[in-house]
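Here's run_31.tsv, which has TSV, C-alpha atoms:
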chain	number	residue	atom	x	y	z
A	11	MET	CA	-50.05	9.78	25.37
A	12	HIS	CA	-49.00	6.21	24.57
A	13	ALA	CA	-48.30	5.39	28.19
A	14	TRP	CA	-51.79	6.49	29.23
A	15	THR	CA	-53.60	4.71	26.41
A	16	TRP	CA	-51.58	1.54	26.96
A	17	PHE	CA	-52.29	1.67	30.70
A	18	LEU	CA	-56.01	2.15	30.04
A	19	GLN	CA	-55.88	-0.82	27.67
A	20	ARG	CA	-54.59	-2.94	30.56
A	21	ILE	CA	-57.28	-1.58	32.91
A	22	SER	CA	-59.97	-2.23	30.28
A	23	ALA	CA	-58.74	-5.81	29.90
A	24	VAL	CA	-59.21	-6.44	33.62
A	25	VAL	CA	-62.61	-4.72	33.62
A	26	LEU	CA	-63.69	-6.76	30.60
A	27	ILE	CA	-62.76	-10.06	32.22
A	28	ILE	CA	-64.83	-9.20	35.30
A	29	ALA	CA	-67.74	-7.48	33.49
A	30	LEU	CA	-67.96	-10.15	30.80
A	31	GLY	CA	-67.91	-12.87	33.44
A	32	LEU	CA	-70.75	-11.17	35.35
A	33	HIS	CA	-72.66	-10.51	32.12
A	34	ILE	CA	-72.46	-14.14	31.04
A	35	GLY	CA	-73.26	-15.25	34.59
A	36	PHE	CA	-76.42	-13.12	34.79
A	37	LEU	CA	-77.53	-13.92	31.28
A	38	HIS	CA	-76.91	-17.64	31.03
A	39	PHE	CA	-76.34	-19.16	34.43
A	40	SER	CA	-78.83	-17.30	36.60
A	41	ASN	CA	-81.50	-17.96	33.93
A	42	ALA	CA	-80.64	-21.47	32.95
A	43	GLY	CA	-84.21	-22.48	32.12
A	44	GLU	CA	-86.42	-21.11	29.34
A	45	PRO	CA	-85.04	-18.36	27.09
A	46	LEU	CA	-86.01	-14.90	28.29
A	47	ASN	CA	-88.64	-13.02	26.35
A	48	TYR	CA	-88.48	-9.32	25.47
A	49	ASN	CA	-90.44	-8.16	28.51
A	50	GLU	CA	-88.17	-10.05	30.85
A	51	ILE	CA	-85.11	-8.49	29.20
A	52	VAL	CA	-86.64	-5.02	29.58
A	53	ALA	CA	-87.44	-5.78	33.22
A	54	ARG	CA	-83.88	-6.86	33.79
A	55	LEU	CA	-82.46	-3.74	32.13
A	56	LYS	CA	-84.46	-1.63	34.55
A	57	THR	CA	-82.19	-2.94	37.30
A	58	PRO	CA	-79.60	-0.15	37.68
A	59	VAL	CA	-76.79	-2.59	38.51
A	60	LEU	CA	-77.32	-4.63	35.35
A	61	MET	CA	-77.69	-1.54	33.20
A	62	GLY	CA	-74.49	-0.16	34.70
A	63	LEU	CA	-72.76	-3.44	33.99
A	64	ASP	CA	-73.87	-3.39	30.36
A	65	ILE	CA	-72.74	0.22	29.93
A	66	LEU	CA	-69.39	-0.68	31.46
A	67	LEU	CA	-69.06	-3.64	29.13
A	68	LEU	CA	-69.97	-1.54	26.10
A	69	THR	CA	-67.60	1.37	26.78
A	70	PHE	CA	-64.60	-0.66	27.89
A	71	GLY	CA	-65.19	-3.24	25.17
A	72	LEU	CA	-65.25	-0.50	22.54
A	73	TYR	CA	-62.12	1.15	23.92
A	74	HIS	CA	-60.26	-2.14	24.10
A	75	ALA	CA	-61.25	-3.15	20.57
A	76	LEU	CA	-60.59	0.21	18.92
A	77	TYR	CA	-57.28	0.75	20.71
A	78	GLY	CA	-56.24	-2.72	19.56
A	79	LEU	CA	-57.21	-1.80	16.01
A	80	TYR	CA	-55.26	1.46	16.19
A	81	SER	CA	-52.28	-0.36	17.63
A	82	VAL	CA	-52.27	-2.81	14.71
A	83	PHE	CA	-52.51	0.16	12.36
A	84	LEU	CA	-49.49	1.81	14.02
A	85	ASP	CA	-47.45	-1.33	13.47
A	86	VAL	CA	-47.32	-0.42	9.81
A	87	ASP	CA	-45.94	3.03	9.20
A	88	PHE	CA	-48.41	5.00	7.09
A	89	GLY	CA	-47.04	8.40	8.06
A	90	LYS	CA	-47.96	11.06	10.59
A	91	TRP	CA	-51.02	12.49	8.84
A	92	THR	CA	-52.59	9.15	8.03
A	93	ARG	CA	-52.09	8.20	11.68
A	94	ALA	CA	-53.90	11.34	12.81
A	95	VAL	CA	-56.79	10.79	10.40
A	96	VAL	CA	-57.22	7.16	11.43
A	97	LEU	CA	-57.08	8.11	15.11
A	98	GLY	CA	-59.74	10.78	14.53
A	99	LEU	CA	-61.98	8.33	12.67
A	100	LEU	CA	-61.65	5.71	15.40
A	101	VAL	CA	-62.43	8.25	18.13
A	102	VAL	CA	-65.55	9.41	16.27
A	103	LEU	CA	-66.54	5.80	15.61
A	104	GLY	CA	-65.99	4.83	19.24
A	105	LEU	CA	-67.91	7.80	20.65
A	106	GLY	CA	-70.69	7.23	18.12
A	107	PHE	CA	-71.11	3.56	18.97
A	108	ALA	CA	-70.84	4.23	22.69
A	109	GLY	CA	-73.43	7.01	22.51
A	110	PHE	CA	-75.77	4.91	20.39
A	111	GLY	CA	-75.41	1.90	22.68
A	112	ILE	CA	-75.85	3.83	25.92
A	113	PHE	CA	-78.83	5.68	24.48
A	114	GLY	CA	-80.37	2.35	23.47
A	115	LEU	CA	-79.80	0.78	26.88
A	116	ILE	CA	-81.23	3.77	28.75
A	117	SER	CA	-84.21	4.09	26.39
A	118	ILE	CA	-85.15	0.46	26.90
A	119	GLY	CA	-84.38	0.55	30.61
A	120	TYR	CA	-86.55	3.60	31.27
A	121	SER	CA	-89.35	2.74	28.85
A	122	THR	CA	-92.76	2.46	30.43
B	16	MET	CA	-25.04	-24.83	-9.11
B	17	THR	CA	-23.93	-28.14	-7.62
B	18	VAL	CA	-20.37	-28.51	-6.46
B	19	SER	CA	-19.11	-31.84	-5.20
B	20	SER	CA	-17.09	-31.98	-2.05
B	21	GLU	CA	-13.49	-33.07	-2.18
B	22	GLU	CA	-12.78	-36.70	-1.44
B	23	PRO	CA	-13.48	-37.14	2.28
B	24	SER	CA	-10.67	-38.43	4.41
B	25	GLY	CA	-10.00	-39.27	8.05
B	26	ASP	CA	-13.18	-39.20	10.09
B	27	PHE	CA	-15.27	-38.18	7.11
B	28	GLU	CA	-17.70	-40.78	5.79
B	29	MET	CA	-19.29	-40.63	2.38
B	30	SER	CA	-22.67	-41.53	3.83
B	31	ASP	CA	-22.56	-38.51	6.11
B	32	LEU	CA	-23.12	-35.86	3.50
B	33	LEU	CA	-24.84	-32.61	4.26
B	34	HIS	CA	-27.03	-31.15	1.54
B	35	VAL	CA	-26.54	-27.44	1.92
B	36	LYS	CA	-28.53	-24.76	0.16
B	37	VAL	CA	-26.91	-21.33	0.39
B	38	PHE	CA	-28.46	-17.98	-0.46
B	39	ARG	CA	-26.35	-16.11	-2.99
B	40	PHE	CA	-26.61	-12.54	-4.11
B	41	ASN	CA	-23.99	-10.17	-5.38
B	42	PRO	CA	-25.60	-6.79	-6.10
B	43	ASP	CA	-22.74	-5.91	-8.45
B	44	ASN	CA	-23.39	-8.84	-10.81
B	45	ASP	CA	-26.73	-10.49	-9.98
B	46	VAL	CA	-30.10	-9.27	-11.08
B	47	GLU	CA	-31.82	-11.34	-8.44
B	48	PRO	CA	-30.82	-13.71	-5.64
B	49	ARG	CA	-30.50	-17.47	-6.07
B	50	PHE	CA	-29.72	-20.57	-4.04
B	51	ASP	CA	-26.61	-22.66	-4.66
B	52	ASP	CA	-26.49	-26.32	-3.61
B	53	PHE	CA	-23.47	-27.93	-2.06
B	54	GLU	CA	-22.71	-31.31	-0.61
B	55	VAL	CA	-20.44	-31.16	2.38
B	56	ALA	CA	-19.00	-34.07	4.33
B	57	LEU	CA	-20.09	-34.10	7.95
B	58	PHE	CA	-17.60	-34.50	10.79
B	59	ASP	CA	-18.00	-34.77	14.53
B	60	ASN	CA	-19.00	-31.61	16.38
B	61	MET	CA	-19.38	-29.75	13.12
B	62	ALA	CA	-20.92	-26.29	13.47
B	63	VAL	CA	-22.78	-24.42	10.75
B	64	LEU	CA	-19.83	-22.04	10.60
B	65	ASP	CA	-17.62	-25.02	9.72
B	66	VAL	CA	-20.03	-25.81	6.90
B	67	VAL	CA	-19.83	-22.38	5.29
B	68	MET	CA	-16.06	-22.22	5.86
B	69	HIS	CA	-15.68	-25.59	4.16
B	70	ILE	CA	-17.70	-24.35	1.21
B	71	GLN	CA	-15.62	-21.19	1.00
B	72	ASN	CA	-12.29	-23.00	1.37
B	73	TYR	CA	-12.90	-25.92	-0.96
B	74	MET	CA	-15.91	-25.30	-3.18
B	75	ASP	CA	-16.65	-21.69	-3.88
B	76	ARG	CA	-14.24	-19.02	-2.77
B	77	SER	CA	-16.64	-16.27	-3.73
B	78	LEU	CA	-19.04	-17.12	-0.88
B	79	SER	CA	-19.24	-14.18	1.51
B	80	PHE	CA	-20.10	-14.37	5.18
B	81	ARG	CA	-19.01	-12.66	8.35
B	82	PHE	CA	-17.35	-14.24	11.37
B	83	SER	CA	-14.68	-13.49	13.92
B	84	CYS	CA	-14.33	-15.12	17.34
B	85	ARG	CA	-15.86	-18.57	16.59
B	86	ILE	CA	-16.89	-18.98	20.24
B	87	GLY	CA	-20.18	-17.09	20.41
B	88	MET	CA	-18.79	-13.89	21.85
B	89	CYS	CA	-18.56	-11.43	18.96
B	90	GLY	CA	-21.99	-11.92	17.41
B	91	SER	CA	-20.65	-11.60	13.85
B	92	CYS	CA	-21.76	-14.91	12.36
B	93	ALA	CA	-25.52	-14.68	12.88
B	94	MET	CA	-27.34	-16.32	9.95
B	95	TYR	CA	-30.79	-17.60	9.17
B	96	VAL	CA	-30.35	-21.35	9.33
B	97	ASN	CA	-33.25	-23.68	8.60
B	98	GLY	CA	-35.82	-20.99	9.23
B	99	ARG	CA	-34.35	-19.53	12.38
B	100	ALA	CA	-31.77	-16.85	13.22
B	101	ARG	CA	-28.76	-18.48	14.89
B	102	LEU	CA	-25.09	-17.93	15.54
B	103	ALA	CA	-23.38	-20.15	12.97
B	104	CYS	CA	-20.45	-20.85	15.30
B	105	ARG	CA	-22.67	-22.02	18.16
B	106	THR	CA	-25.08	-24.08	16.09
B	107	GLN	CA	-24.05	-27.71	15.92
B	108	VAL	CA	-25.17	-29.38	12.72
B	109	SER	CA	-26.38	-32.33	14.83
B	110	SER	CA	-28.78	-30.00	16.66
B	111	LEU	CA	-30.62	-29.31	13.40
B	112	ASN	CA	-31.69	-32.97	13.25
B	113	THR	CA	-31.48	-33.05	9.47
B	114	ARG	CA	-28.89	-33.41	6.74
B	115	TYR	CA	-30.61	-30.71	4.70
B	116	ILE	CA	-29.49	-27.23	5.65
B	117	THR	CA	-30.67	-23.97	4.18
B	118	ILE	CA	-28.58	-20.93	5.04
B	119	MET	CA	-29.76	-17.40	4.38
B	120	PRO	CA	-28.80	-13.90	5.53
B	121	LEU	CA	-30.60	-12.48	8.55
B	122	PRO	CA	-34.07	-11.15	7.69
B	123	ASN	CA	-34.96	-7.48	8.33
B	124	PHE	CA	-31.48	-6.32	7.25
B	125	PRO	CA	-30.33	-4.99	3.87
B	126	ILE	CA	-28.13	-7.56	2.12
B	127	ILE	CA	-24.61	-6.53	1.23
B	128	ARG	CA	-23.60	-9.79	-0.38
B	129	ASP	CA	-24.52	-13.47	0.09
B	130	LEU	CA	-24.80	-14.01	3.86
B	131	VAL	CA	-23.40	-10.61	4.82
B	132	VAL	CA	-25.97	-8.08	5.95
B	133	ASP	CA	-25.74	-4.36	6.59
B	134	MET	CA	-25.96	-3.85	10.37
B	135	GLU	CA	-26.29	-0.08	10.07
B	136	PRO	CA	-30.08	0.14	10.69
B	137	PHE	CA	-29.59	-1.97	13.80
B	138	PHE	CA	-26.78	0.18	15.20
B	139	ASP	CA	-28.53	3.43	14.21
B	140	LYS	CA	-31.27	2.45	16.64
B	141	TRP	CA	-28.71	1.26	19.15
B	142	LYS	CA	-27.18	4.76	19.10
B	143	LYS	CA	-30.56	6.44	19.60
B	144	ILE	CA	-30.83	5.17	23.16
B	145	LYS	CA	-27.26	6.32	23.98
B	146	PRO	CA	-26.02	2.86	24.87
B	147	TYR	CA	-23.34	3.98	27.31
B	148	TYR	CA	-23.43	4.73	31.01
B	149	ILE	CA	-23.34	8.40	32.00
B	150	PRO	CA	-22.69	8.78	35.74
B	151	LYS	CA	-24.51	11.34	37.87
B	152	LYS	CA	-22.24	14.25	38.78
B	153	GLU	CA	-22.80	13.88	42.50
B	154	ILE	CA	-21.72	10.25	42.46
B	155	THR	CA	-18.35	9.42	43.91
B	156	GLU	CA	-17.00	6.02	43.04
B	157	PRO	CA	-17.23	3.38	44.27
B	158	VAL	CA	-21.01	3.49	44.59
B	159	VAL	CA	-22.30	1.23	47.32
B	160	VAL	CA	-25.46	-0.68	46.41
B	161	ARG	CA	-26.21	-3.04	49.26
B	162	PRO	CA	-27.76	-6.39	48.26
B	163	GLY	CA	-30.76	-5.99	50.55
B	164	SER	CA	-31.46	-2.33	49.75
B	165	GLY	CA	-33.94	-3.00	46.95
B	166	GLU	CA	-31.97	-0.68	44.66
B	167	ARG	CA	-30.30	-3.62	42.95
B	168	GLU	CA	-32.28	-4.79	39.93
B	169	PHE	CA	-31.49	-8.06	38.28
B	170	ILE	CA	-30.26	-6.90	34.92
B	171	ASP	CA	-27.25	-9.22	34.77
B	172	ASP	CA	-28.82	-11.55	32.19
B	173	MET	CA	-29.75	-8.60	29.98
B	174	LEU	CA	-26.15	-7.39	29.96
B	175	ASP	CA	-25.01	-10.48	28.05
B	176	CYS	CA	-26.16	-9.05	24.69
B	177	ILE	CA	-23.51	-9.41	21.98
B	178	THR	CA	-25.44	-7.33	19.39
B	179	CYS	CA	-25.62	-10.22	16.94
B	180	GLY	CA	-28.95	-8.98	15.54
B	181	CYS	CA	-30.78	-12.32	15.88
B	182	CYS	CA	-33.58	-10.74	17.94
B	183	TYR	CA	-33.89	-7.86	15.49
B	184	SER	CA	-34.18	-10.26	12.56
B	185	ALA	CA	-36.79	-12.39	14.33
B	186	CYS	CA	-38.96	-9.47	15.43
B	187	SER	CA	-42.16	-9.28	13.40
B	188	MET	CA	-42.62	-5.65	14.48
B	189	VAL	CA	-39.29	-4.67	12.93
B	190	ALA	CA	-40.42	-6.53	9.82
B	191	THR	CA	-43.58	-4.44	9.53
B	192	ASN	CA	-42.09	-1.16	10.66
B	193	GLN	CA	-38.47	-0.22	10.12
B	194	GLU	CA	-38.80	2.71	12.52
B	195	TYR	CA	-39.33	0.46	15.52
B	196	LEU	CA	-36.29	0.55	17.81
B	197	GLY	CA	-36.18	-3.22	18.11
B	198	PRO	CA	-35.54	-5.61	20.98
B	199	ALA	CA	-31.77	-5.21	21.34
B	200	ALA	CA	-31.74	-1.42	21.66
B	201	LEU	CA	-34.69	-1.47	24.06
B	202	ASN	CA	-33.07	-4.17	26.14
B	203	ARG	CA	-29.90	-2.09	26.36
B	204	ALA	CA	-31.94	0.98	27.29
B	205	TYR	CA	-33.52	-0.99	30.12
B	206	THR	CA	-30.17	-2.02	31.58
B	207	LEU	CA	-29.21	1.66	31.80
B	208	ILE	CA	-32.59	3.00	32.92
B	209	ALA	CA	-32.66	0.43	35.71
B	210	ASP	CA	-29.34	1.76	36.96
B	211	ASN	CA	-29.86	4.37	39.69
B	212	ARG	CA	-26.39	5.79	39.11
B	213	ASP	CA	-27.18	6.80	35.52
B	214	ALA	CA	-27.61	10.54	34.94
B	215	ILE	CA	-29.94	10.48	31.93
B	216	ARG	CA	-32.44	7.77	32.86
B	217	VAL	CA	-35.44	10.04	32.25
B	218	GLU	CA	-34.06	11.21	28.90
B	219	ARG	CA	-33.56	7.60	27.87
B	220	LEU	CA	-37.09	6.79	28.99
B	221	LYS	CA	-38.43	9.64	26.85
B	222	VAL	CA	-36.66	8.15	23.82
B	223	VAL	CA	-38.24	4.73	24.32
B	224	ASP	CA	-41.66	6.22	25.24
B	225	ARG	CA	-42.46	7.09	21.64
B	226	VAL	CA	-44.82	5.61	19.12
B	227	TYR	CA	-42.03	3.49	17.61
B	228	GLY	CA	-40.44	2.74	20.95
B	229	VAL	CA	-41.64	0.23	23.52
B	230	TRP	CA	-45.30	0.53	22.51
B	231	ARG	CA	-44.81	-1.39	19.29
B	232	CYS	CA	-43.79	-4.54	21.16
B	233	HIS	CA	-46.70	-6.97	21.31
B	234	THR	CA	-44.96	-9.48	23.58
B	235	GLN	CA	-44.67	-12.19	20.98
B	236	PHE	CA	-41.34	-13.36	22.43
B	237	ASN	CA	-39.83	-14.02	18.97
B	238	CYS	CA	-36.71	-12.19	20.14
B	239	ALA	CA	-36.37	-14.31	23.26
B	240	GLU	CA	-36.85	-17.49	21.27
B	241	VAL	CA	-33.82	-16.88	19.04
B	242	CYS	CA	-31.44	-15.08	21.40
B	243	PRO	CA	-28.24	-17.15	21.53
B	244	LYS	CA	-27.55	-15.74	25.01
B	245	ASN	CA	-31.00	-16.66	26.31
B	246	ILE	CA	-31.86	-13.04	27.03
B	247	VAL	CA	-35.57	-12.20	27.18
B	248	PRO	CA	-35.78	-8.69	25.69
B	249	THR	CA	-39.57	-8.84	25.97
B	250	ARG	CA	-39.21	-8.77	29.75
B	251	SER	CA	-36.99	-5.69	29.54
B	252	ILE	CA	-39.48	-4.00	27.24
B	253	GLN	CA	-42.39	-4.75	29.60
B	254	ASN	CA	-40.36	-3.27	32.45
B	255	LEU	CA	-39.78	-0.17	30.36
B	256	LYS	CA	-43.51	0.14	29.63
B	257	ARG	CA	-44.21	-0.03	33.35
B	258	ARG	CA	-41.65	2.70	33.99
B	259	CYS	CA	-43.15	4.90	31.26
B	260	VAL	CA	-46.52	4.67	33.01
B	261	LEU	CA	-44.94	5.34	36.40
B	262	ARG	CA	-43.26	8.43	34.95
B	263	LYS	CA	-46.67	9.73	33.84
B	264	PHE	CA	-47.87	9.27	37.42
B	265	GLY	CA	-44.78	11.14	38.62
B	266	VAL	CA	-43.44	8.11	40.46
B	267	PHE	CA	-40.36	7.50	38.32
B	268	ARG	CA	-37.79	10.27	38.46

Take the structure in the file and give it back as structure tokens.
Amino acid sequence: MHAWTWFLQRISAVVLIIALGLHIGFLHFSNAGEPLNYNEIVARLKTPVLMGLDILLLTFGLYHALYGLYSVFLDVDFGKWTRAVVLGLLVVLGLGFAGFGIFGLISIGYST
Amino acid sequence: MTVSSEEPSGDFEMSDLLHVKVFRFNPDNDVEPRFDDFEVALFDNMAVLDVVMHIQNYMDRSLSFRFSCRIGMCGSCAMYVNGRARLACRTQVSSLNTRYITIMPLPNFPIIRDLVVDMEPFFDKWKKIKPYYIPKKEITEPVVVRPGSGEREFIDDMLDCITCGCCYSACSMVATNQEYLGPAALNRAYTLIADNRDAIRVERLKVVDRVYGVWRCHTQFNCAEVCPKNIVPTRSIQNLKRRCVLRKFGVFR
């Protein structure tokens, strides 16, 4: 399991560098003038590419962060059962945040 | 405790005094550790091992430390000198750039007495990776590995390990988790896993592919920084991680 999760951590790092770069580029450099208002943000989220990019950023960002947290936790030996409980909590937390975030993005993106 | 050095003679000069602070602890008599101060006359090309030997010979015979070859080959005299794990025999006092020297036992090891540490945890982990070559049955010596074949991996540098324990004592992951195999054992595992002639490469890889194997290394390079042989165990560990992933993909056999 550790080989897979470590490998995915590396993949997520590469994805984050690209996705975060694009995200910042779209948000700050392609709209360098006046700050966007809510309607403009909603209009932008309706673009499938940008919504996809945000979902990518959210899921990979969460994985990267929570795996990092778990890894730090493993550095200190708290025993097998504590490890399992923490892993379970982090998985639930990650899925919860990802679900909530994706739901929010899609709701706004498809709002009329 | 302050003990004055004997009257310096020959090349010794009174102005060239080293102020040495030495960690002392005898579990049989002491409730807690302490530091003893000594003043030792400096001489040309003096190594830290000369300092502790001078203290033991002329100032305090009860000082305990471990040494053997005196030429950086045996790895016995590793100590924590001025905040860094070093081989006492290979550390010139002049390289410390100070006349104030603090000598302590290696961190991350149980202390037996004074500067002598118990190497058993280190070698327990060393044994876990089976640190000896086991040839494949079908191999008939001599094995021909042609230079241009791509089979030859550059592990020569990694083979220089003298098991002094400096890397193990500098590793912050060992400090937080005593179960972690540590840089030396993982480096040794890599030298064997990278050898195509070895019969139990996959078994070795399974041993290092555990939660307290290679995955606890966070590439901080503390081990590489202190290695007296200039080995970079971090590089070996990263190579092992790559192989663990390749094994999952079925590429490494």

For a quick test of understanding: name the residues of chain B lying within 9 Å of chain A when counting all atoms listed in the file, and present them as a list in words. Met188, Val189, Thr191, Asn192, Gln193, Glu194, Tyr195, Asp224, Arg225, Val226, Tyr227, Trp230, Arg231, Lys256, Arg257, Cys259, Val260, Leu261, Arg262 and Lys263 of chain B

Filtering to C-alpha atoms, could you give me those residues as a PDB file, in the coordinates of the input?
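Output contents, as saved in result11.pdb:
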ATOM      1  CA  MET B 188     -42.620  -5.650  14.480  1.00  0.00           C
ATOM      2  CA  VAL B 189     -39.290  -4.670  12.930  1.00  0.00           C
ATOM      3  CA  THR B 191     -43.580  -4.440   9.530  1.00  0.00           C
ATOM      4  CA  ASN B 192     -42.090  -1.160  10.660  1.00  0.00           C
ATOM      5  CA  GLN B 193     -38.470  -0.220  10.120  1.00  0.00           C
ATOM      6  CA  GLU B 194     -38.800   2.710  12.520  1.00  0.00           C
ATOM      7  CA  TYR B 195     -39.330   0.460  15.520  1.00  0.00           C
ATOM      8  CA  ASP B 224     -41.660   6.220  25.240  1.00  0.00           C
ATOM      9  CA  ARG B 225     -42.460   7.090  21.640  1.00  0.00           C
ATOM     10  CA  VAL B 226     -44.820   5.610  19.120  1.00  0.00           C
ATOM     11  CA  TYR B 227     -42.030   3.490  17.610  1.00  0.00           C
ATOM     12  CA  TRP B 230     -45.300   0.530  22.510  1.00  0.00           C
ATOM     13  CA  ARG B 231     -44.810  -1.390  19.290  1.00  0.00           C
ATOM     14  CA  LYS B 256     -43.510   0.140  29.630  1.00  0.00           C
ATOM     15  CA  ARG B 257     -44.210  -0.030  33.350  1.00  0.00           C
ATOM     16  CA  CYS B 259     -43.150   4.900  31.260  1.00  0.00           C
ATOM     17  CA  VAL B 260     -46.520   4.670  33.010  1.00  0.00           C
ATOM     18  CA  LEU B 261     -44.940   5.340  36.400  1.00  0.00           C
ATOM     19  CA  ARG B 262     -43.260   8.430  34.950  1.00  0.00           C
ATOM     20  CA  LYS B 263     -46.670   9.730  33.840  1.00  0.00           C
TER      21      LYS B 263
END

Students should find that CA of Asp210 (chain B) and CA of Lys151 (chain B) are spaced 10.8 Å

Computed gap from CA of Ile144 (chain B) to CA of Thr234 (chain B) is 20.4 Å

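Between CA of Tyr77 (chain A) and CA of Val25 (chain A) lies a distance of 15.0 Å.
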
Rank nothing, just name the residue among B:His34, B:Arg128, B:Arg39, B:Arg99 nearest to Tyr115 (chain B), using only C-alpha atoms. B:His34

Neighbouring residues of Cys176 (chain B) were defined as those with any atom within 9 Å, considering all atoms listed in the file; residues of the same chain fewer than 3 positions away were excluded. Please report them as an MDAnalysis selection string. chainID B and resid 90 172:173 179 199 202:203 242:244 246

Using all atoms listed in the file, which of A:Leu97, A:Leu103, A:Leu67, A:Leu76 sits nearest Val24 (chain A)?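 Using all atoms listed in the file, the shortest distance to Val24 (chain A) belongs to A:Leu67.
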
Nearest residue to Phe50 (chain B) from the set B:Val63, B:Leu102, B:Leu130, B:Met68 (distances using only C-alpha atoms):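 Comparing B:Val63, B:Leu102, B:Leu130, B:Met68 against Phe50 (chain B), the winner is B:Leu130.
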
Counting only C-alpha atoms, find the residues whose atoms lie at most 12 Å from (-68.9, 1.8, 20.2) (file coordinates) and write them out as a ChimeraX atom specification. /A:65-77,100-114

Selected residue of minimal separation from Ala62 (chain B) among B:Leu201, B:Arg105, B:Arg76, B:Phe82, counting only C-alpha atoms: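 The shortest atom-to-atom distance to Ala62 (chain B) comes from B:Arg105.
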